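*Asks:* Got a structure here, written out as structure tokens. Questions coming.
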Amino acid sequence: MNPSPSAAPGGANKKGAPAVALPLWLNELALIRLPLICFALTLTLGGALVVASTWYLNRQSDAALHAQQARNVAFDQFSHVENEKLEIRAYQPQFIALRSKGLIGAENRLAWVDAIRHIQERRKLLPISYEIDVQQGFRMEGQAAMGEYRLRGSRMDLHMDLLHEMDLFNFLDDLRRSNYYTMQDCSIKRSTATQNGALAPTLAADCTLYWLTLGAPGAGGAR
């Protein structure tokens with residue numbers, strides 16, 4: 001007897017092995033493969049469009065925010081300019097008056113000397129002597145903020161022979177009408193001067209005052 005043929009490795013005969021049945025959906029996958037590819041591409045494109053739209057929307061929001069901020073800055077600047085115009089219209093007459101009296105700008109010592117001479121001649125006062133010191137920075141108690149302007153003062157030591165005390169008061173009042181100054185101290189005493197005639201002085205006054213000017217930094221000086 002011939003020996004029986006040996007069994008195939010693994011104990012199963014290939015010819016006799018039953019065929020494995022594939023799931024039905026795998027068999028039908030080939031039919032819808034093209035639509036699935038189109039769906040995946042559409043989904044990917046849609047996601048990309050959503051991302052691009054979100055980025056563009058955020059960019060436009062930032063641009064709108066920057067435009068609003070620039071508009072606010074421009075509006076603030078416009079309001080500031082309009083307020084300055086209103087202030088100029090309101091204070092221009094006062095500014096012109098202060099400048100005409102010599103408070104604003106460089107000090108004008110010639111105008112001070114002329115004012116003293118005119119008052120003396122008009123009121124027929126006795127001779128007046130004075131000395132004006134160099135101009136320097138000046139600060140008054142309770143001085144308000146003046147921006148870029150600086151207050152300066154020039155000290156004047158004044159001596160007057162008086163027929164009576166009203167000569168001094170009238171002189172200082174007239175002087176204040178034509179220029180700006182602040183009085184530091186003033187003393188009146190009986191005069192020891194001797195003079196022939198009816199216009200002999202009875203009193204003598206010694207005063208220290210400061211002529212005041214307002215000017216921008218570096219714009220000092222005398223005329």
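Residue names in the structure tokens use chain letters A, B, ... in the order shown, residue numbers from 1 in each chain, and ligand numbers from 1 in the order shown.
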Enumerate the residues of region 57-188 of chain A with a DSSP assignment of helix (DSSP H, G or I), computed from the backbone, and present them as a PyMOL selection string.
*Replies:* chain A and resi 57-100+109-123+166-178
*Asks:* Can you work out the spacing between CA of Arg139 (chain A) and CA of Leu212 (chain A) in Å, to one decimal?
*Replies:*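 CA of Leu212 (chain A) lies at a distance of 10.2 Å from CA of Arg139 (chain A).
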*Asks:* From the DSSP assignment of the backbone, select every residue of region 112-153 of chain A that is strand (DSSP E), and format the answer as an NGL selection string.
*Replies:* :A and (128-137 or 150-153)
*Asks:* Based on the selection just made, write N, CA and C atoms of those residues as a PDB file, in the first residue's frame.
*Replies:*
```pdb
ATOM      1  N   ILE A 128      13.543 163.136  42.002  1.00  0.00           N
ATOM      2  CA  ILE A 128      13.463 161.711  42.350  1.00  0.00           C
ATOM      3  C   ILE A 128      14.750 161.031  41.878  1.00  0.00           C
ATOM      4  N   SER A 129      15.333 160.242  42.741  1.00  0.00           N
ATOM      5  CA  SER A 129      16.526 159.473  42.363  1.00  0.00           C
ATOM      6  C   SER A 129      16.219 157.979  42.521  1.00  0.00           C
ATOM      7  N   TYR A 130      16.840 157.179  41.668  1.00  0.00           N
ATOM      8  CA  TYR A 130      16.571 155.739  41.705  1.00  0.00           C
ATOM      9  C   TYR A 130      17.732 154.993  41.073  1.00  0.00           C
ATOM     10  N   GLU A 131      17.769 153.721  41.386  1.00  0.00           N
ATOM     11  CA  GLU A 131      18.765 152.797  40.828  1.00  0.00           C
ATOM     12  C   GLU A 131      18.055 151.504  40.467  1.00  0.00           C
ATOM     13  N   ILE A 132      18.281 150.996  39.245  1.00  0.00           N
ATOM     14  CA  ILE A 132      17.651 149.752  38.787  1.00  0.00           C
ATOM     15  C   ILE A 132      18.719 148.671  38.691  1.00  0.00           C
ATOM     16  N   ASP A 133      18.479 147.569  39.392  1.00  0.00           N
ATOM     17  CA  ASP A 133      19.425 146.450  39.402  1.00  0.00           C
ATOM     18  C   ASP A 133      19.169 145.534  38.201  1.00  0.00           C
ATOM     19  N   VAL A 134      20.026 144.526  38.049  1.00  0.00           N
ATOM     20  CA  VAL A 134      19.895 143.589  36.935  1.00  0.00           C
ATOM     21  C   VAL A 134      18.628 142.745  37.122  1.00  0.00           C
ATOM     22  N   GLN A 135      18.064 142.328  36.012  1.00  0.00           N
ATOM     23  CA  GLN A 135      16.861 141.510  36.050  1.00  0.00           C
ATOM     24  C   GLN A 135      17.204 140.088  36.493  1.00  0.00           C
ATOM     25  N   GLN A 136      16.294 139.483  37.241  1.00  0.00           N
ATOM     26  CA  GLN A 136      16.497 138.121  37.697  1.00  0.00           C
ATOM     27  C   GLN A 136      15.139 137.429  37.847  1.00  0.00           C
ATOM     28  N   GLY A 137      15.209 136.099  38.001  1.00  0.00           N
ATOM     29  CA  GLY A 137      13.974 135.352  38.203  1.00  0.00           C
ATOM     30  C   GLY A 137      13.266 135.801  39.459  1.00  0.00           C
ATOM     31  N   ARG A 150       7.903 132.848  32.188  1.00  0.00           N
ATOM     32  CA  ARG A 150       8.605 132.964  33.459  1.00  0.00           C
ATOM     33  C   ARG A 150       8.504 134.401  33.950  1.00  0.00           C
ATOM     34  N   LEU A 151       8.250 134.526  35.248  1.00  0.00           N
ATOM     35  CA  LEU A 151       8.147 135.850  35.855  1.00  0.00           C
ATOM     36  C   LEU A 151       9.542 136.327  36.252  1.00  0.00           C
ATOM     37  N   ARG A 152       9.872 137.550  35.869  1.00  0.00           N
ATOM     38  CA  ARG A 152      11.170 138.140  36.195  1.00  0.00           C
ATOM     39  C   ARG A 152      10.940 139.497  36.841  1.00  0.00           C
ATOM     40  N   GLY A 153      11.910 139.888  37.647  1.00  0.00           N
ATOM     41  CA  GLY A 153      11.803 141.171  38.327  1.00  0.00           C
ATOM     42  C   GLY A 153      13.124 141.918  38.324  1.00  0.00           C
TER      43      GLY A 153
END
```
*Asks:* Which residues are close to Tyr181 (chain A), i.e. within 10 Å by only C-alpha atoms, leaving aside same-chain residues fewer than 3 positions away? Reply as a PyMOL selection string.
*Replies:* chain A and resi 103+153-156+172+175-176+178+184+209-213
*Asks:* Within 10 Å of Leu125 (chain A), counting only C-alpha atoms, which residues show up once you throw out same-chain ones fewer than 6 positions away? Write them as a list in words, please.
*Replies:* Arg117, Ile119, Met160, Asp161, Leu162, Leu163, Asp167, Leu168, Phe171 and Leu199 of chain A
*Asks:* Those selected residues, please, written with N, CA, C and O atoms and delivered as a PDB file, in the first residue's frame.
*Replies:*
```
ATOM      1  N   ARG A 117       9.514 160.188  34.771  1.00  0.00           N
ATOM      2  CA  ARG A 117       9.731 161.593  34.422  1.00  0.00           C
ATOM      3  C   ARG A 117       8.405 162.306  34.149  1.00  0.00           C
ATOM      4  O   ARG A 117       8.189 163.430  34.611  1.00  0.00           O
ATOM      5  N   ILE A 119       5.390 161.541  35.286  1.00  0.00           N
ATOM      6  CA  ILE A 119       4.639 161.711  36.538  1.00  0.00           C
ATOM      7  C   ILE A 119       5.228 162.855  37.361  1.00  0.00           C
ATOM      8  O   ILE A 119       4.499 163.687  37.933  1.00  0.00           O
ATOM      9  N   MET A 160      12.710 159.638  47.276  1.00  0.00           N
ATOM     10  CA  MET A 160      11.909 160.802  46.932  1.00  0.00           C
ATOM     11  C   MET A 160      11.905 161.790  48.091  1.00  0.00           C
ATOM     12  O   MET A 160      11.742 161.394  49.251  1.00  0.00           O
ATOM     13  N   ASP A 161      12.104 163.076  47.772  1.00  0.00           N
ATOM     14  CA  ASP A 161      11.846 164.138  48.737  1.00  0.00           C
ATOM     15  C   ASP A 161      10.411 164.587  48.556  1.00  0.00           C
ATOM     16  O   ASP A 161       9.938 164.794  47.426  1.00  0.00           O
ATOM     17  N   LEU A 162       9.697 164.739  49.671  1.00  0.00           N
ATOM     18  CA  LEU A 162       8.257 164.977  49.611  1.00  0.00           C
ATOM     19  C   LEU A 162       7.890 166.275  50.338  1.00  0.00           C
ATOM     20  O   LEU A 162       8.471 166.613  51.371  1.00  0.00           O
ATOM     21  N   LEU A 163       6.891 166.942  49.759  1.00  0.00           N
ATOM     22  CA  LEU A 163       6.292 168.062  50.479  1.00  0.00           C
ATOM     23  C   LEU A 163       5.288 167.539  51.499  1.00  0.00           C
ATOM     24  O   LEU A 163       5.139 168.103  52.584  1.00  0.00           O
ATOM     25  N   ASP A 167       2.262 162.977  48.085  1.00  0.00           N
ATOM     26  CA  ASP A 167       3.113 162.979  46.888  1.00  0.00           C
ATOM     27  C   ASP A 167       3.583 161.558  46.568  1.00  0.00           C
ATOM     28  O   ASP A 167       3.602 161.147  45.397  1.00  0.00           O
ATOM     29  N   LEU A 168       3.945 160.806  47.583  1.00  0.00           N
ATOM     30  CA  LEU A 168       4.400 159.438  47.376  1.00  0.00           C
ATOM     31  C   LEU A 168       3.252 158.545  46.914  1.00  0.00           C
ATOM     32  O   LEU A 168       3.400 157.764  45.961  1.00  0.00           O
ATOM     33  N   PHE A 171       2.262 159.303  43.359  1.00  0.00           N
ATOM     34  CA  PHE A 171       3.304 158.860  42.443  1.00  0.00           C
ATOM     35  C   PHE A 171       3.214 157.350  42.215  1.00  0.00           C
ATOM     36  O   PHE A 171       3.245 156.882  41.063  1.00  0.00           O
ATOM     37  N   LEU A 199       9.472 175.485  48.547  1.00  0.00           N
ATOM     38  CA  LEU A 199       9.346 174.072  48.209  1.00  0.00           C
ATOM     39  C   LEU A 199      10.385 173.226  48.927  1.00  0.00           C
ATOM     40  O   LEU A 199      10.975 172.314  48.367  1.00  0.00           O
TER      41      LEU A 199
END
```
*Asks:* Given only C-alpha atoms as the basis, pick out the residue of A:Ile104, A:Leu158, A:Ile32, A:Val50 nearest to Gly215 (chain A).
*Replies:*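 Residue with the minimum atom-to-atom distance to Gly215 (chain A): A:Ile104.
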*Asks:* Would you kindly return, as an NGL selection string, each protein, DNA or RNA residue with an atom no farther than 12 Å from any atom of Ala115 (chain A), considering only C-alpha atoms and excluding same-chain residues fewer than 2 positions away?
*Replies:* :A and (101-102 or 108-113 or 117-122 or 171-180)
*Asks:* CA of Ala48 (chain A) and CA of Arg33 (chain A), how far apart in Å?
*Replies:* 22.7 Å
*Asks:* Could you tell me how far CA of Phe78 (chain A) sits from CA of Tyr91 (chain A), in Å to one decimal place?
*Replies:*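 Separation between CA of Tyr91 (chain A) and CA of Phe78 (chain A): 19.9 Å.
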